[in-house]
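Source file: model-v4.txt (compact mmCIF, C-alpha atoms)
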```txt
# COMPACT_ATOMS: atom_id res chain seq x y z
CA MET A 1 -92.18 -173.86 -5.86
CA THR A 2 -89.92 -174.64 -8.82
CA GLY A 3 -87.28 -176.66 -7.02
CA LYS A 4 -84.64 -174.21 -8.21
CA ALA A 5 -82.67 -171.63 -6.27
CA ASP A 6 -80.27 -168.82 -7.11
CA ILE A 7 -77.26 -169.47 -4.91
CA LEU A 8 -75.18 -166.65 -6.38
CA HIS A 9 -75.01 -163.60 -4.16
CA GLN A 10 -74.40 -160.15 -5.62
CA LYS A 11 -70.71 -159.40 -5.14
CA VAL A 12 -69.00 -156.06 -4.67
CA ASN A 13 -65.80 -154.84 -6.28
CA ALA A 14 -62.60 -155.13 -4.28
CA GLN A 15 -61.00 -151.96 -2.92
CA GLY A 16 -57.54 -152.01 -4.44
CA GLN A 17 -55.28 -154.88 -5.35
CA GLY A 18 -52.55 -156.80 -3.58
CA TRP A 19 -51.63 -160.21 -2.26
CA THR A 20 -50.73 -161.74 1.06
CA THR A 21 -48.29 -164.61 0.59
CA LEU A 22 -47.28 -167.15 3.21
CA THR A 23 -44.85 -170.07 3.30
CA VAL A 24 -45.01 -172.60 6.13
CA ASP A 25 -41.85 -174.70 6.44
CA HIS A 26 -43.11 -177.35 8.82
CA PHE A 27 -46.15 -177.50 11.08
CA HIS A 28 -48.02 -180.75 11.69
CA ASN A 29 -48.74 -182.05 8.17
CA LEU A 30 -47.80 -178.79 6.41
CA ASN A 31 -44.36 -179.05 4.83
CA ASN A 32 -43.02 -176.25 2.62
CA VAL A 33 -46.55 -175.07 1.80
CA SER A 34 -46.88 -171.73 0.00
CA VAL A 35 -50.18 -169.91 -0.59
CA LYS A 36 -51.27 -166.51 -1.83
CA ILE A 37 -54.44 -164.75 -0.71
CA PRO A 38 -55.95 -161.76 -2.55
CA GLU A 39 -56.32 -158.76 -0.27
CA HIS A 40 -59.69 -156.97 0.00
CA GLU A 41 -61.47 -160.05 -1.31
CA ILE A 42 -63.19 -163.19 0.02
CA SER A 43 -61.19 -166.42 0.07
CA THR A 44 -62.24 -169.89 1.18
CA ILE A 45 -59.88 -172.51 2.61
CA THR A 46 -61.24 -175.96 1.86
CA GLY A 47 -60.38 -179.65 2.13
CA PHE A 48 -61.03 -182.75 4.21
CA SER A 49 -61.06 -182.54 8.00
CA GLY A 50 -57.44 -182.77 9.10
CA ALA A 51 -56.11 -181.52 5.75
CA GLY A 52 -54.37 -178.57 7.43
CA LYS A 53 -56.85 -175.72 7.07
CA THR A 54 -56.76 -174.64 10.72
CA SER A 55 -53.01 -175.18 10.89
CA LEU A 56 -52.46 -172.95 7.89
CA ILE A 57 -54.71 -170.06 8.85
CA LEU A 58 -55.25 -169.99 12.61
CA ASP A 59 -51.91 -171.48 13.68
CA ASN A 60 -49.61 -169.80 11.16
CA LEU A 61 -51.10 -166.94 9.12
CA LEU A 62 -52.67 -165.09 12.06
CA PRO A 63 -49.64 -165.41 14.40
CA ALA A 64 -47.30 -164.38 11.54
CA ILE A 65 -49.28 -161.18 10.81
CA GLN A 66 -49.52 -160.37 14.52
CA ALA A 67 -45.76 -160.94 14.98
CA LYS A 68 -44.96 -158.69 12.02
CA LYS A 69 -47.17 -155.91 13.42
CA ALA A 70 -45.43 -156.20 16.81
CA GLY A 71 -42.02 -155.97 15.15
CA ASP A 72 -41.11 -159.47 16.26
CA GLY A 73 -39.59 -162.16 14.10
CA LEU A 74 -41.83 -164.55 12.23
CA PRO A 75 -42.88 -167.75 14.00
CA LYS A 76 -40.30 -170.52 13.60
CA THR A 77 -42.72 -172.47 11.42
CA VAL A 78 -43.10 -169.61 8.91
CA SER A 79 -40.26 -168.87 6.50
CA SER A 80 -41.83 -165.95 4.63
CA LEU A 81 -44.73 -163.52 4.78
CA THR A 82 -45.61 -160.57 2.57
CA THR A 83 -48.72 -158.58 3.41
CA SER A 84 -50.16 -155.10 3.85
CA ILE A 85 -52.51 -156.38 6.55
CA THR A 86 -51.88 -155.10 10.06
CA ASN A 87 -55.02 -156.05 11.99
CA THR A 88 -56.53 -159.50 12.48
CA VAL A 89 -60.01 -160.39 13.69
CA ALA A 90 -61.09 -164.00 14.30
CA ILE A 91 -64.88 -164.41 14.32
CA ASP A 92 -66.33 -167.55 15.91
CA ALA A 93 -69.82 -168.73 16.82
CA LYS A 94 -69.28 -168.77 20.59
CA PRO A 95 -72.08 -167.21 22.68
CA ILE A 96 -71.85 -163.49 23.42
CA GLY A 97 -71.88 -162.41 27.05
CA ARG A 98 -71.58 -164.49 30.16
CA ASN A 99 -75.09 -163.95 31.52
CA ALA A 100 -78.50 -162.46 30.83
CA ARG A 101 -77.26 -158.94 31.68
CA SER A 102 -75.76 -158.77 28.20
CA THR A 103 -78.49 -157.87 25.71
CA LEU A 104 -78.71 -156.76 22.10
CA ALA A 105 -79.03 -153.14 23.29
CA THR A 106 -76.05 -153.27 25.66
CA TYR A 107 -73.80 -155.14 23.21
CA THR A 108 -74.34 -152.39 20.62
CA ASN A 109 -74.36 -148.64 21.36
CA ILE A 110 -78.16 -148.59 21.46
CA MET A 111 -78.37 -148.77 25.26
CA ASP A 112 -76.09 -145.76 25.73
CA GLY A 113 -78.32 -143.77 23.38
CA LEU A 114 -81.48 -144.84 25.19
CA ARG A 115 -80.11 -143.89 28.60
CA GLU A 116 -79.18 -140.41 27.39
CA LEU A 117 -82.53 -140.01 25.65
CA PHE A 118 -84.60 -140.91 28.71
CA ALA A 119 -82.43 -138.90 31.10
CA ALA A 120 -83.08 -135.82 28.94
CA GLN A 121 -86.86 -136.01 29.43
CA PRO A 122 -88.43 -133.27 31.62
CA ALA A 123 -89.86 -135.81 34.07
CA ALA A 124 -86.43 -137.40 34.47
CA LYS A 125 -84.77 -134.04 35.08
CA LYS A 126 -87.42 -133.12 37.63
CA ALA A 127 -86.70 -136.40 39.45
CA ALA A 128 -82.93 -135.70 39.22
CA LEU A 129 -82.36 -138.87 37.22
CA THR A 130 -79.14 -139.26 35.22
CA PRO A 131 -78.22 -141.65 32.35
CA SER A 132 -76.72 -144.07 34.89
CA ASP A 133 -80.11 -144.41 36.58
CA PHE A 134 -81.49 -145.84 33.36
CA SER A 135 -79.16 -148.83 33.52
CA TYR A 136 -80.61 -152.01 35.00
CA ASN A 137 -77.07 -152.88 36.08
CA ASN A 138 -77.12 -150.00 38.57
CA LYS A 139 -78.90 -150.30 41.91
CA SER A 140 -80.61 -146.94 41.35
CA GLY A 141 -82.38 -148.23 38.24
CA ALA A 142 -82.70 -151.96 38.77
CA CYS A 143 -85.71 -153.81 40.09
CA PRO A 144 -85.02 -154.47 43.81
CA THR A 145 -86.29 -158.02 43.62
CA CYS A 146 -84.28 -159.40 40.70
CA GLN A 147 -81.47 -156.80 40.72
CA GLY A 148 -82.01 -156.06 37.04
CA LEU A 149 -81.95 -159.63 35.74
CA GLY A 150 -85.67 -159.83 34.99
CA VAL A 151 -85.77 -163.36 36.39
CA ILE A 152 -85.49 -165.11 39.73
CA THR A 153 -83.37 -168.24 39.96
CA GLU A 154 -84.11 -170.81 42.64
CA ASP A 155 -81.45 -173.34 43.54
CA VAL A 156 -83.01 -176.79 43.82
CA GLN A 157 -80.66 -179.32 45.39
CA PHE A 158 -79.68 -182.18 43.06
CA LEU A 159 -81.92 -180.76 40.29
CA PRO A 160 -81.48 -178.04 37.64
CA ASP A 161 -82.13 -174.50 38.85
CA ILE A 162 -85.66 -173.17 38.43
CA VAL A 163 -85.76 -169.86 36.55
CA GLU A 164 -88.95 -167.77 36.80
CA THR A 165 -89.96 -164.33 35.57
CA CYS A 166 -89.52 -161.74 38.31
CA PRO A 167 -92.94 -161.14 39.94
CA THR A 168 -92.12 -157.50 40.79
CA CYS A 169 -91.02 -156.08 37.41
CA ASP A 170 -92.60 -158.86 35.30
CA GLY A 171 -89.30 -159.32 33.50
CA GLY A 172 -88.86 -155.59 32.81
CA ARG A 173 -85.61 -155.37 34.85
CA TYR A 174 -86.25 -151.78 36.06
CA ASN A 175 -87.76 -150.42 39.25
CA GLU A 176 -91.13 -148.68 39.30
CA LYS A 177 -89.70 -145.15 39.37
CA ILE A 178 -87.72 -145.62 36.15
CA GLN A 179 -90.75 -147.12 34.43
CA THR A 180 -92.73 -143.91 35.00
CA ILE A 181 -90.46 -141.94 32.64
CA PHE A 182 -91.74 -141.90 29.06
CA TRP A 183 -90.35 -140.87 25.69
CA ARG A 184 -92.91 -140.60 22.91
CA GLY A 185 -95.33 -142.64 24.98
CA HIS A 186 -92.85 -145.45 25.64
CA SER A 187 -91.01 -146.40 28.82
CA ILE A 188 -87.51 -147.80 28.49
CA VAL A 189 -88.99 -151.24 29.20
CA ASP A 190 -91.40 -150.79 26.30
CA ILE A 191 -88.48 -149.91 24.02
CA LEU A 192 -86.47 -152.97 25.02
CA ASN A 193 -89.48 -155.16 24.23
CA LEU A 194 -89.53 -153.90 20.64
CA SER A 195 -87.91 -155.81 17.80
CA VAL A 196 -85.30 -154.07 15.64
CA LYS A 197 -87.88 -153.80 12.85
CA GLU A 198 -90.47 -152.28 15.18
CA ALA A 199 -87.96 -149.81 16.63
CA LEU A 200 -86.67 -148.46 13.31
CA PRO A 201 -89.54 -146.06 12.50
CA LEU A 202 -89.63 -144.86 16.10
CA PHE A 203 -86.00 -143.72 16.04
CA GLN A 204 -85.82 -142.23 12.54
CA ASP A 205 -84.98 -138.82 14.08
CA GLU A 206 -82.35 -140.23 16.48
CA GLU A 207 -79.35 -140.66 14.18
CA LYS A 208 -77.00 -142.65 16.42
CA ILE A 209 -79.62 -145.18 17.50
CA GLU A 210 -81.11 -145.38 14.01
CA GLN A 211 -77.69 -146.18 12.52
CA GLU A 212 -77.24 -149.14 14.87
CA LEU A 213 -80.77 -150.38 14.14
CA LYS A 214 -80.22 -150.14 10.39
CA LEU A 215 -77.04 -152.22 10.62
CA LEU A 216 -78.83 -154.88 12.65
CA ASP A 217 -81.61 -154.89 10.08
CA GLU A 218 -79.18 -155.14 7.15
CA ILE A 219 -77.38 -158.15 8.63
CA GLY A 220 -80.68 -160.00 9.02
CA LEU A 221 -81.27 -159.57 12.76
CA HIS A 222 -84.40 -157.42 12.35
CA TYR A 223 -86.53 -159.91 14.31
CA LEU A 224 -84.48 -159.78 17.53
CA HIS A 225 -85.78 -157.74 20.46
CA LEU A 226 -83.55 -155.01 21.84
CA GLY A 227 -83.72 -156.51 25.32
CA GLN A 228 -82.96 -160.06 24.18
CA ALA A 229 -80.14 -161.69 26.16
CA THR A 230 -77.15 -162.24 23.87
CA PRO A 231 -76.23 -165.67 25.37
CA SER A 232 -79.54 -166.93 23.94
CA LEU A 233 -78.54 -166.15 20.34
CA SER A 234 -77.70 -168.94 17.93
CA GLY A 235 -74.14 -169.37 16.64
CA GLY A 236 -75.01 -167.72 13.34
CA GLU A 237 -76.72 -164.79 15.05
CA ALA A 238 -73.77 -164.33 17.40
CA GLN A 239 -71.32 -164.23 14.47
CA ARG A 240 -73.29 -161.55 12.66
CA LEU A 241 -73.73 -159.48 15.79
CA LYS A 242 -69.97 -159.56 16.44
CA LEU A 243 -69.47 -157.92 13.05
CA VAL A 244 -71.76 -154.94 13.69
CA SER A 245 -69.05 -152.75 15.24
CA HIS A 246 -66.72 -153.44 12.30
CA LEU A 247 -69.20 -152.22 9.69
CA HIS A 248 -68.94 -148.61 10.86
CA LYS A 249 -65.43 -147.90 9.57
CA SER A 250 -62.82 -148.73 6.95
CA GLN A 251 -61.23 -152.19 7.29
CA LYS A 252 -58.66 -151.76 4.53
CA ASN A 253 -55.80 -153.16 6.62
CA SER A 254 -57.81 -155.83 8.42
CA LEU A 255 -58.07 -159.58 7.96
CA PHE A 256 -61.24 -161.30 9.15
CA VAL A 257 -61.05 -165.07 9.65
CA PHE A 258 -64.15 -167.26 9.98
CA ASP A 259 -63.91 -170.91 11.03
CA GLU A 260 -66.84 -172.95 9.65
CA PRO A 261 -69.34 -170.06 9.90
CA THR A 262 -72.18 -171.90 8.13
CA ILE A 263 -72.47 -174.93 10.42
CA GLY A 264 -76.14 -175.32 11.41
CA LEU A 265 -77.31 -172.51 9.12
CA HIS A 266 -80.21 -172.78 6.68
CA PRO A 267 -79.20 -171.98 3.06
CA LEU A 268 -81.15 -168.72 3.30
CA ASP A 269 -79.09 -167.79 6.37
CA VAL A 270 -75.94 -168.55 4.38
CA GLN A 271 -77.10 -166.00 1.81
CA THR A 272 -77.64 -163.47 4.61
CA LEU A 273 -74.13 -164.16 5.90
CA LEU A 274 -72.73 -163.65 2.40
CA GLY A 275 -74.43 -160.26 2.34
CA VAL A 276 -72.67 -159.32 5.59
CA LEU A 277 -69.32 -160.54 4.24
CA ASN A 278 -69.75 -158.39 1.16
CA ARG A 279 -70.51 -155.41 3.41
CA LEU A 280 -67.15 -156.06 5.09
CA LYS A 281 -65.54 -156.32 1.66
CA GLU A 282 -67.03 -152.94 0.78
CA LYS A 283 -65.15 -151.56 3.78
CA GLY A 284 -61.91 -152.92 2.30
CA ALA A 285 -61.55 -156.01 4.49
CA THR A 286 -59.66 -159.14 3.51
CA ILE A 287 -61.81 -162.16 4.41
CA VAL A 288 -60.68 -165.77 4.84
CA ILE A 289 -63.24 -168.51 5.50
CA ILE A 290 -62.41 -172.07 6.55
CA THR A 291 -65.37 -173.99 5.21
CA HIS A 292 -66.92 -177.13 3.74
CA ASP A 293 -69.93 -175.22 2.41
CA LEU A 294 -70.24 -175.37 -1.38
CA ASP A 295 -72.44 -172.25 -1.57
CA MET A 296 -69.76 -170.31 0.30
CA MET A 297 -67.07 -171.61 -2.07
CA THR A 298 -69.17 -170.72 -5.11
CA ASN A 299 -69.57 -167.12 -3.98
CA ALA A 300 -65.95 -166.58 -2.94
CA ASP A 301 -63.41 -164.67 -5.04
CA TRP A 302 -60.61 -167.17 -4.36
CA LEU A 303 -60.28 -170.77 -3.20
CA ILE A 304 -57.37 -172.67 -1.66
CA ASP A 305 -57.94 -176.42 -1.37
CA LEU A 306 -55.75 -178.58 0.88
CA GLY A 307 -55.53 -182.34 0.74
CA PRO A 308 -55.74 -184.79 -0.83
CA ARG A 309 -57.16 -186.25 2.39
CA GLY A 310 -56.59 -185.61 6.10
CA GLY A 311 -53.80 -186.27 8.58
CA ASP A 312 -50.60 -187.63 7.04
CA GLN A 313 -52.53 -187.86 3.74
CA GLY A 314 -53.07 -184.08 3.73
CA GLY A 315 -51.08 -180.89 4.02
CA ARG A 316 -50.66 -180.21 0.29
CA VAL A 317 -52.15 -177.43 -1.84
CA MET A 318 -54.37 -179.30 -4.26
CA ALA A 319 -55.91 -176.28 -5.99
CA MET A 320 -55.66 -172.51 -5.77
CA GLY A 321 -57.49 -169.92 -7.87
CA GLN A 322 -60.90 -168.59 -8.82
CA PRO A 323 -63.68 -171.03 -7.83
CA LYS A 324 -65.27 -171.21 -11.30
CA GLU A 325 -61.96 -172.00 -13.01
CA LEU A 326 -61.11 -174.63 -10.39
CA ALA A 327 -64.58 -176.19 -10.74
CA GLU A 328 -64.04 -176.47 -14.50
CA GLN A 329 -60.66 -178.18 -14.00
CA SER A 330 -61.83 -180.46 -11.12
CA ASP A 331 -58.30 -181.47 -10.13
CA SER A 332 -59.11 -182.27 -6.48
CA LEU A 333 -61.90 -183.98 -4.59
CA THR A 334 -63.24 -180.65 -3.35
CA THR A 335 -63.27 -179.10 -6.81
CA GLN A 336 -64.99 -182.22 -8.15
CA TYR A 337 -67.79 -181.65 -5.64
CA LEU A 338 -67.75 -177.97 -6.61
CA HIS A 339 -68.05 -178.93 -10.29
CA GLU A 340 -71.14 -181.01 -9.51
CA HIS A 341 -72.55 -178.08 -7.52
CA PHE A 342 -72.04 -175.70 -10.44
CA GLU A 343 -73.73 -178.17 -12.79
CA LYS A 344 -76.63 -178.76 -10.39
CA PHE A 345 -77.46 -175.05 -10.39
CA HIS A 346 -76.56 -174.57 -14.08
CA LEU A 347 -73.83 -172.08 -13.22
CA PHE A 348 -71.54 -173.04 -16.08
CA SER A 349 -74.12 -172.49 -18.82
CA GLU A 350 -76.44 -169.84 -17.42
CA SER A 351 -74.36 -167.77 -15.03
CA SER A 352 -70.72 -168.09 -16.09
CA SER A 353 -70.70 -164.59 -17.51
CA LYS A 354 -72.13 -163.27 -14.24
CA LEU A 355 -69.33 -164.87 -12.25
CA ASP A 356 -66.65 -163.55 -14.62
CA ASN A 357 -68.03 -160.03 -14.74
CA GLU A 358 -68.04 -159.68 -10.95
CA ARG A 359 -64.23 -159.53 -11.01
CA LEU A 360 -63.91 -156.99 -13.85
```

Show this structure as C-alpha cells.
Amino acid sequence: MTGKADILHQKVNAQGQGWTTLTVDHFHNLNNVSVKIPEHEISTITGFSGAGKTSLILDNLLPAIQAKKAGDGLPKTVSSLTTSITNTVAIDAKPIGRNARSTLATYTNIMDGLRELFAAQPAAKKAALTPSDFSYNNKSGACPTCQGLGVITEDVQFLPDIVETCPTCDGGRYNEKIQTIFWRGHSIVDILNLSVKEALPLFQDEEKIEQELKLLDEIGLHYLHLGQATPSLSGGEAQRLKLVSHLHKSQKNSLFVFDEPTIGLHPLDVQTLLGVLNRLKEKGATIVIITHDLDMMTNADWLIDLGPRGGDQGGRVMAMGQPKELAEQSDSLTTQYLHEHFEKFHLFSESSSKLDNERL
C-alpha cells in the first residue's frame, strides 16, 4: 500500500454541444439567479446545506423543463429557460420494489427471458407448461406453502414478525413440478441462485439475457444473485440498478438528476458510479448531480457552487465553470476545499494536462 490513490476517472467525449440556461426570479433564498449547464456533460451543483441546490434543480429546473415539454407556461418562479432537453429522470436511492417478490431478475428483463427459455424445453412442452407457469407470482408456478415468497412470516403479537425460510421449497419459491424442468442441467431455481458473474458464461448464446447480465456486470453489480430481493439492496446499488434500462438507448434529449448519490458509498463505489455516469454520457445524456463529494466534483465537466452559506446567507452563485479552473481560483468555500483536494492528490502538477485533454 502506497497511501496514494488515483481519483480521476476516465472521461468520455460529449455528444454535441449546447447549453441549458435557467433564471429563477424568486424562490426561497434564490433571487434573480441565472445558471448555465452544458448539455451532454456531467455537472455538479455544490454548496452548503440550505444554499439552494435542491431549490434550483429539483424545484425549478425540472418543473420548468417538464412545463415546456407539455406546452405550458414556465413556473411563476422561473423567468427564462433555454434548453434542447425534453425528458427528465430523477434518480434517488430509495429502495426498489415494495416486497420480496421484486428481484434482480424481475426488475430487469432477465426473468421474461428465463420464463420463455424454460417453457421452450421439451419436458415443459410435454407437461403443457407455458411461460406464465414459470413465474412464482402465478399460482400455477408458485410453491403452495409460501405462495412464491420463499419465506413464511409469522405474526407474533407485540413483537417483530418472525420470518423463516419456507420448509416446502427451501426458499426456491417454485412448486415441485416447475423444479423438475431443466435447461442445460439447471432448474429455474438453480439459475436464480446464481450471481450475475456466474450466470454470464452460461448465457453467452442467449443474446437478450446476456445483454442484461453484461450491463449489470459493467455497473458493478456482478456479485448480486439473480433472485435477490430488490428491497434488500443498498441505496447505491438501487441507484445503479435504476439506470440499467436507460443504458440500452440514446439519451440525447434526457436530463438525469442525482441528489447526493454518494452518501454512504466507499470511494471505490464512487469510482464505479462515475463509470456508470460516463456510460450515460456516452448515450448523450445531460447529467446534473447535487453533491458534497469532492471526488465527484473533481471528475465532473462543470461545477456550479451556491452560497456563500445556507439559508438567508445562501442563494447566490459563488462559482461556475470547469472544476480545475475553479479550484485554481478558489473564490468560494467549496472551491477552496476543492483546491486542497487537488493538491492532496497532486492533480495540479501531475494530472492537469489529463484534465484539460479530456475536454478537447

Please, which residues in stretch 80-134 of chain A fall within 8 Å of stretch 205-214 of chain A when counting all atoms listed in the file, and what is the closest atom pair and distance in Å to one decimal for each, ordered by chain then residue number, as CSV?
```
residue,atom,partner,partner_atom,distance
A:Thr108,CA,A:Glu212,CA,7.2
A:Asn109,CA,A:Glu212,CA,7.1
A:Ile110,CA,A:Ile209,CA,5.4
A:Gly113,CA,A:Ile209,CA,6.2
A:Leu114,CA,A:Ile209,CA,7.9
```

Please save C-alpha atoms of the selected residues as a CSV table (one decimal), keeping the file's coordinate frame.
```csv
chain,number,residue,atom,x,y,z
A,108,THR,CA,-74.3,-152.4,20.6
A,109,ASN,CA,-74.4,-148.6,21.4
A,110,ILE,CA,-78.2,-148.6,21.5
A,113,GLY,CA,-78.3,-143.8,23.4
A,114,LEU,CA,-81.5,-144.8,25.2
```

* To do: Could you give me, as a ChimeraX atom specification, the residues that have an atom at most 12 Å away from the point (-62.3, -171.9, -11.3) in the coordinates of the file, using only C-alpha atoms?
  => /A:297-305,319-332,334-336,338-339,342,347-348,352,355-356

- [ ] Excluding stretch 306-314 of chain A and any residue of its chain fewer than 3 positions from it, enumerate the residues within 7 Å of it, using all atoms listed in the file, and give them as a PyMOL selection string.
- [x] chain A and resi 29+46-53+317-318

A:Ile37 proximity check over A:Leu200, A:Leu129, A:Leu159, A:Val288, using only C-alpha atoms: winner is A:Val288

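For the set A:Pro167, A:Pro131, A:Gly284, A:Gly185, the residue with the smallest atom-to-atom gap to A:Leu247 is A:Gly284, counting all atoms listed in the file.
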
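Here the question is which of A:Glu218, A:Asp25, A:Glu237, A:Asp72 gets nearest to A:Leu56 using only C-alpha atoms, and that residue is A:Asp25.
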
Counting all atoms listed in the file, the residue among A:Ala120, A:Leu280, A:Leu268, A:Leu274 that lies closest to A:His246 is A:Leu280

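Atom CA of A:Asn253 is found 20.0 Å from atom CA of A:Asp59.
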
Point-to-point distance from atom CA of A:Asn31 to atom CA of A:Ile65, Å rounded to tenths: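 According to the coordinates, atom CA of A:Asn31 and atom CA of A:Ile65 are separated by 19.5 Å.
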
Of A:Thr20, A:Ser34, A:Ser43, A:Asn193, the one nearest to A:Ile287 when counting all atoms listed in the file is A:Ser43

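In this model, the gap between atom CA of A:Lys177 and atom CA of A:Thr165 comes to 19.6 Å.
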
For a cutoff of 9 Å around the file-coordinate point (-68.7, -160.7, -0.2), which residues qualify once you count only C-alpha atoms? I'd like the result as a list in words.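 These residues have at least one counted atom within 9 Å: His9, Gln10, Lys11, Val12, Asn13, Glu41, Ile42, Leu273, Leu274, Gly275, Val276, Leu277, Asn278, Arg279, Leu280, Lys281, Glu282, Ile287, Asn299, Ala300 and Asp301 of chain A.
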